Amino acid sequence: MSPAKTTPPSGGFIPRDRDWQPDALTPGYKTSIKRSPQAALLSFPSSLSEETSPVFGHGLLGALDSDLIHNYAQPGESAIGPRIIVYGRVLDEMGRGVPGALLEFWQANAGGRYRHKKESYLAALDPNFGGCGRTITAEDGSYEFRTIQPGPYPWPNGMNDWRPAHIHFSVFGHGFAQRLITQMYFEGDPHIPLCPIVGILKSQDAVDALTAVLDMHRTVPMDSRAYKFDIVLRGRRQTYFENREDGM
Ligand SMILES: [Fe+2]
């Protein structure tokens, strides 16, 4: 039996596919001009802590952290808006569930307004809605939280740009190299194809990957509709098999 000829970079993460991810500089999305790198990127090997941290325990979660309908509401009251469940799985590039991943999410209220000191949209605040929460994935990578469907809102990009209804996500997987910040859209929203931020995506497949689909099977009758949204993080390279050169 001859050993594998290549030393495997075991434990490392697969490089990002920059043909799939949007470009950093996309002038139609104005703030990308200031935020994008001005010089060529440099590549560094990832460190051990970037590949093995952070680790989160379910003990850090509060009872209402994954219930945005109630986590900011007065006792006996609830947030205004269409009640929904958002659920799905966090997967790696091999399709394996990622357990113990911390998901944080934040969003505008049903009128499209954020509870933030720099918010400038005139839609009303909801006194019972804060707009952020968090959860940790289960053993199979699944997650779920309750919220209200956010409204679209205008933003100062072009003369009259409106964001589709969306929920922001931050995901910590099993290594800082897997950190992902993204947005989830809602199936059927007519603002999706009009949005300059969605427009930086390179394919309809990429747009579809950010669009949650209505799932009537997970609705709670007379209570909440359900939207399914799977999230894919960078995967780890696998250690190579030590196969004989003539096959198994
Ligand atoms: Fe937003």
# chains A, B, ... in the order shown; residues from 1 in each chain; ligands from 1
call {"tool": "closest_atom_pairs", "arguments": {"of": "chain A", "to": "ligand 1", "cutoff": "9 Å", "atoms": "only C-alpha atoms and all ligand atoms", "output": "Markdown table"}}
result
| residue | atom | partner | partner_atom_place_in_ligand_line | distance |
| --- | --- | --- | --- | --- |
| A:Trp106 | CA | ligand 1 | 1 (Fe) | 8.0 |
| A:Gln107 | CA | ligand 1 | 1 (Fe) | 6.1 |
| A:Ala108 | CA | ligand 1 | 1 (Fe) | 6.6 |
| A:Gly112 | CA | ligand 1 | 1 (Fe) | 8.8 |
| A:Tyr114 | CA | ligand 1 | 1 (Fe) | 8.0 |
| A:Pro152 | CA | ligand 1 | 1 (Fe) | 8.8 |
| A:Tyr153 | CA | ligand 1 | 1 (Fe) | 8.3 |
| A:Arg163 | CA | ligand 1 | 1 (Fe) | 7.3 |
| A:Pro164 | CA | ligand 1 | 1 (Fe) | 8.8 |
| A:Ala165 | CA | ligand 1 | 1 (Fe) | 8.1 |
| A:His166 | CA | ligand 1 | 1 (Fe) | 6.4 |
| A:Ile167 | CA | ligand 1 | 1 (Fe) | 6.8 |
| A:His168 | CA | ligand 1 | 1 (Fe) | 6.4 |
| A:Gln183 | CA | ligand 1 | 1 (Fe) | 8.0 |
call {"tool": "write_last_selection", "arguments": {"atoms": "N, CA and C atoms", "output": "mmCIF file, in the first residue's frame"}}
result
data_model
loop_
_atom_site.group_PDB
_atom_site.id
_atom_site.type_symbol
_atom_site.label_atom_id
_atom_site.label_comp_id
_atom_site.auth_asym_id
_atom_site.auth_seq_id
_atom_site.Cartn_x
_atom_site.Cartn_y
_atom_site.Cartn_z
ATOM 1 N N TRP A 106 -31.599 40.462 13.171
ATOM 2 C CA TRP A 106 -32.185 41.759 13.487
ATOM 3 C C TRP A 106 -32.962 42.251 12.277
ATOM 4 N N GLN A 107 -33.941 43.097 12.527
ATOM 5 C CA GLN A 107 -34.862 43.468 11.450
ATOM 6 C C GLN A 107 -35.640 44.725 11.815
ATOM 7 N N ALA A 108 -36.253 45.328 10.780
ATOM 8 C CA ALA A 108 -37.176 46.441 10.973
ATOM 9 C C ALA A 108 -38.518 45.899 11.475
ATOM 10 N N GLY A 112 -41.495 48.844 8.665
ATOM 11 C CA GLY A 112 -40.229 49.075 7.982
ATOM 12 C C GLY A 112 -39.276 49.972 8.753
ATOM 13 N N TYR A 114 -36.548 50.667 11.942
ATOM 14 C CA TYR A 114 -35.646 50.073 12.934
ATOM 15 C C TYR A 114 -35.717 50.857 14.240
ATOM 16 N N PRO A 152 -40.968 46.676 4.033
ATOM 17 C CA PRO A 152 -39.937 47.298 3.199
ATOM 18 C C PRO A 152 -39.695 48.734 3.676
ATOM 19 N N TYR A 153 -38.528 49.275 3.362
ATOM 20 C CA TYR A 153 -38.267 50.665 3.755
ATOM 21 C C TYR A 153 -37.414 51.367 2.701
ATOM 22 N N ARG A 163 -35.735 48.923 0.112
ATOM 23 C CA ARG A 163 -35.279 47.571 0.410
ATOM 24 C C ARG A 163 -36.473 46.626 0.438
ATOM 25 N N PRO A 164 -36.303 45.416 -0.125
ATOM 26 C CA PRO A 164 -37.340 44.397 0.079
ATOM 27 C C PRO A 164 -37.432 44.095 1.582
ATOM 28 N N ALA A 165 -38.547 43.554 2.017
ATOM 29 C CA ALA A 165 -38.617 43.074 3.400
ATOM 30 C C ALA A 165 -37.483 42.076 3.613
ATOM 31 N N HIS A 166 -36.770 42.205 4.722
ATOM 32 C CA HIS A 166 -35.625 41.307 4.932
ATOM 33 C C HIS A 166 -35.294 41.186 6.407
ATOM 34 N N ILE A 167 -34.606 40.117 6.732
ATOM 35 C CA ILE A 167 -34.069 39.897 8.076
ATOM 36 C C ILE A 167 -32.563 39.724 7.938
ATOM 37 N N HIS A 168 -31.801 40.459 8.758
ATOM 38 C CA HIS A 168 -30.342 40.330 8.764
ATOM 39 C C HIS A 168 -29.939 39.152 9.643
ATOM 40 N N GLN A 183 -28.480 38.421 4.500
ATOM 41 C CA GLN A 183 -29.868 38.845 4.641
ATOM 42 C C GLN A 183 -30.781 37.810 4.020
#
call {"tool": "residues_around", "arguments": {"residues": "Glu187 (chain A)", "least_positions_apart": "4", "cutoff": "7 Å", "atoms": "only C-alpha atoms", "output": "MDAnalysis selection string"}}
result
chainID A and resid 211:214
call {"tool": "closest_atom_pairs", "arguments": {"of": "region 24-49 of chain A", "to": "region 155-158 of chain A", "cutoff": "10 Å", "atoms": "only C-alpha atoms", "output": "Markdown table"}}
result
| residue | atom | partner | partner_atom | distance |
| --- | --- | --- | --- | --- |
| A:Gly28 | CA | A:Asn157 | CA | 8.3 |
| A:Tyr29 | CA | A:Asn157 | CA | 7.0 |
| A:Lys30 | CA | A:Asn157 | CA | 6.1 |
| A:Thr31 | CA | A:Asn157 | CA | 8.1 |
call {"tool": "write_last_selection", "arguments": {"atoms": "N, CA and C atoms", "output": "PDB file, in the first residue's frame"}}
result
ATOM      1  N   GLY A  28     -23.492  50.424  -8.139  1.00  0.00           N
ATOM      2  CA  GLY A  28     -24.948  50.571  -8.021  1.00  0.00           C
ATOM      3  C   GLY A  28     -25.397  50.551  -6.571  1.00  0.00           C
ATOM      4  N   TYR A  29     -24.611  49.929  -5.717  1.00  0.00           N
ATOM      5  CA  TYR A  29     -24.813  49.921  -4.267  1.00  0.00           C
ATOM      6  C   TYR A  29     -23.766  50.894  -3.728  1.00  0.00           C
ATOM      7  N   LYS A  30     -24.200  52.139  -3.532  1.00  0.00           N
ATOM      8  CA  LYS A  30     -23.264  53.256  -3.383  1.00  0.00           C
ATOM      9  C   LYS A  30     -22.225  53.083  -2.290  1.00  0.00           C
ATOM     10  N   THR A  31     -22.633  52.611  -1.114  1.00  0.00           N
ATOM     11  CA  THR A  31     -21.666  52.568  -0.026  1.00  0.00           C
ATOM     12  C   THR A  31     -20.572  51.533  -0.261  1.00  0.00           C
TER      13      THR A  31
END
call {"tool": "atom_distance", "arguments": {"atom1": "CA of Leu210 (chain A)", "atom2": "CA of Asp161 (chain A)"}}
result
19.3 Å
call {"tool": "closest_residue", "arguments": {"among": "A:Met216, A:Val86, A:Leu125, A:Val171", "to": "Phe229 (chain A)", "atoms": "only C-alpha atoms"}}
result
A:Val86
call {"tool": "residues_around", "arguments": {"residues": "Leu91 (chain A)", "least_positions_apart": "5", "cutoff": "7 Å", "atoms": "only C-alpha atoms", "output": "MDAnalysis selection string"}}
result
chainID A and resid 96:98 141 231:233
call {"tool": "atom_distance", "arguments": {"atom1": "CA of Asp189 (chain A)", "atom2": "CA of Asn128 (chain A)"}}
result
25.4 Å
call {"tool": "select_by_dssp", "arguments": {"residues": "region 183-238 of chain A", "states": "strand (DSSP E)", "output": "number ranges by chain"}}
result
A: 183-186, 211-214, 225-228, 231-233
call {"tool": "write_last_selection", "arguments": {"atoms": "N, CA and C atoms", "output": "short mmCIF file (atom, residue, chain, number, x, y, z; two decimals), in the first residue's frame"}}
result
data_model
loop_
_atom_site.label_atom_id
_atom_site.label_comp_id
_atom_site.auth_asym_id
_atom_site.auth_seq_id
_atom_site.Cartn_x
_atom_site.Cartn_y
_atom_site.Cartn_z
N GLN A 183 -28.48 38.42 4.50
CA GLN A 183 -29.87 38.84 4.64
C GLN A 183 -30.78 37.81 4.02
N MET A 184 -31.95 37.70 4.60
CA MET A 184 -32.97 36.78 4.11
C MET A 184 -34.14 37.58 3.54
N TYR A 185 -34.58 37.22 2.33
CA TYR A 185 -35.73 37.87 1.71
C TYR A 185 -36.92 36.92 1.72
N PHE A 186 -38.08 37.47 1.33
CA PHE A 186 -39.31 36.68 1.38
C PHE A 186 -39.82 36.40 -0.04
N THR A 211 -33.57 33.75 -0.53
CA THR A 211 -35.01 33.98 -0.48
C THR A 211 -35.70 32.84 0.26
N ALA A 212 -36.30 33.16 1.40
CA ALA A 212 -37.02 32.15 2.16
C ALA A 212 -38.34 31.81 1.46
N VAL A 213 -38.72 30.54 1.52
CA VAL A 213 -39.96 30.12 0.87
C VAL A 213 -41.05 29.84 1.91
N LEU A 214 -42.26 30.18 1.54
CA LEU A 214 -43.41 29.90 2.40
C LEU A 214 -43.59 28.39 2.52
N ARG A 225 -47.61 31.99 10.02
CA ARG A 225 -47.12 31.33 8.81
C ARG A 225 -45.65 30.98 9.02
N ALA A 226 -45.10 30.15 8.13
CA ALA A 226 -43.71 29.69 8.31
C ALA A 226 -42.92 29.90 7.03
N TYR A 227 -41.68 30.37 7.19
CA TYR A 227 -40.76 30.55 6.06
C TYR A 227 -39.50 29.72 6.33
N LYS A 228 -39.06 29.02 5.29
CA LYS A 228 -37.90 28.13 5.41
C LYS A 228 -36.68 28.79 4.79
N ILE A 231 -29.04 27.95 5.49
CA ILE A 231 -27.84 28.78 5.41
C ILE A 231 -26.63 27.86 5.23
N VAL A 232 -25.78 28.18 4.26
CA VAL A 232 -24.63 27.32 4.00
C VAL A 232 -23.34 28.07 4.36
N LEU A 233 -22.55 27.47 5.25
CA LEU A 233 -21.26 28.04 5.66
C LEU A 233 -20.12 27.35 4.90
#
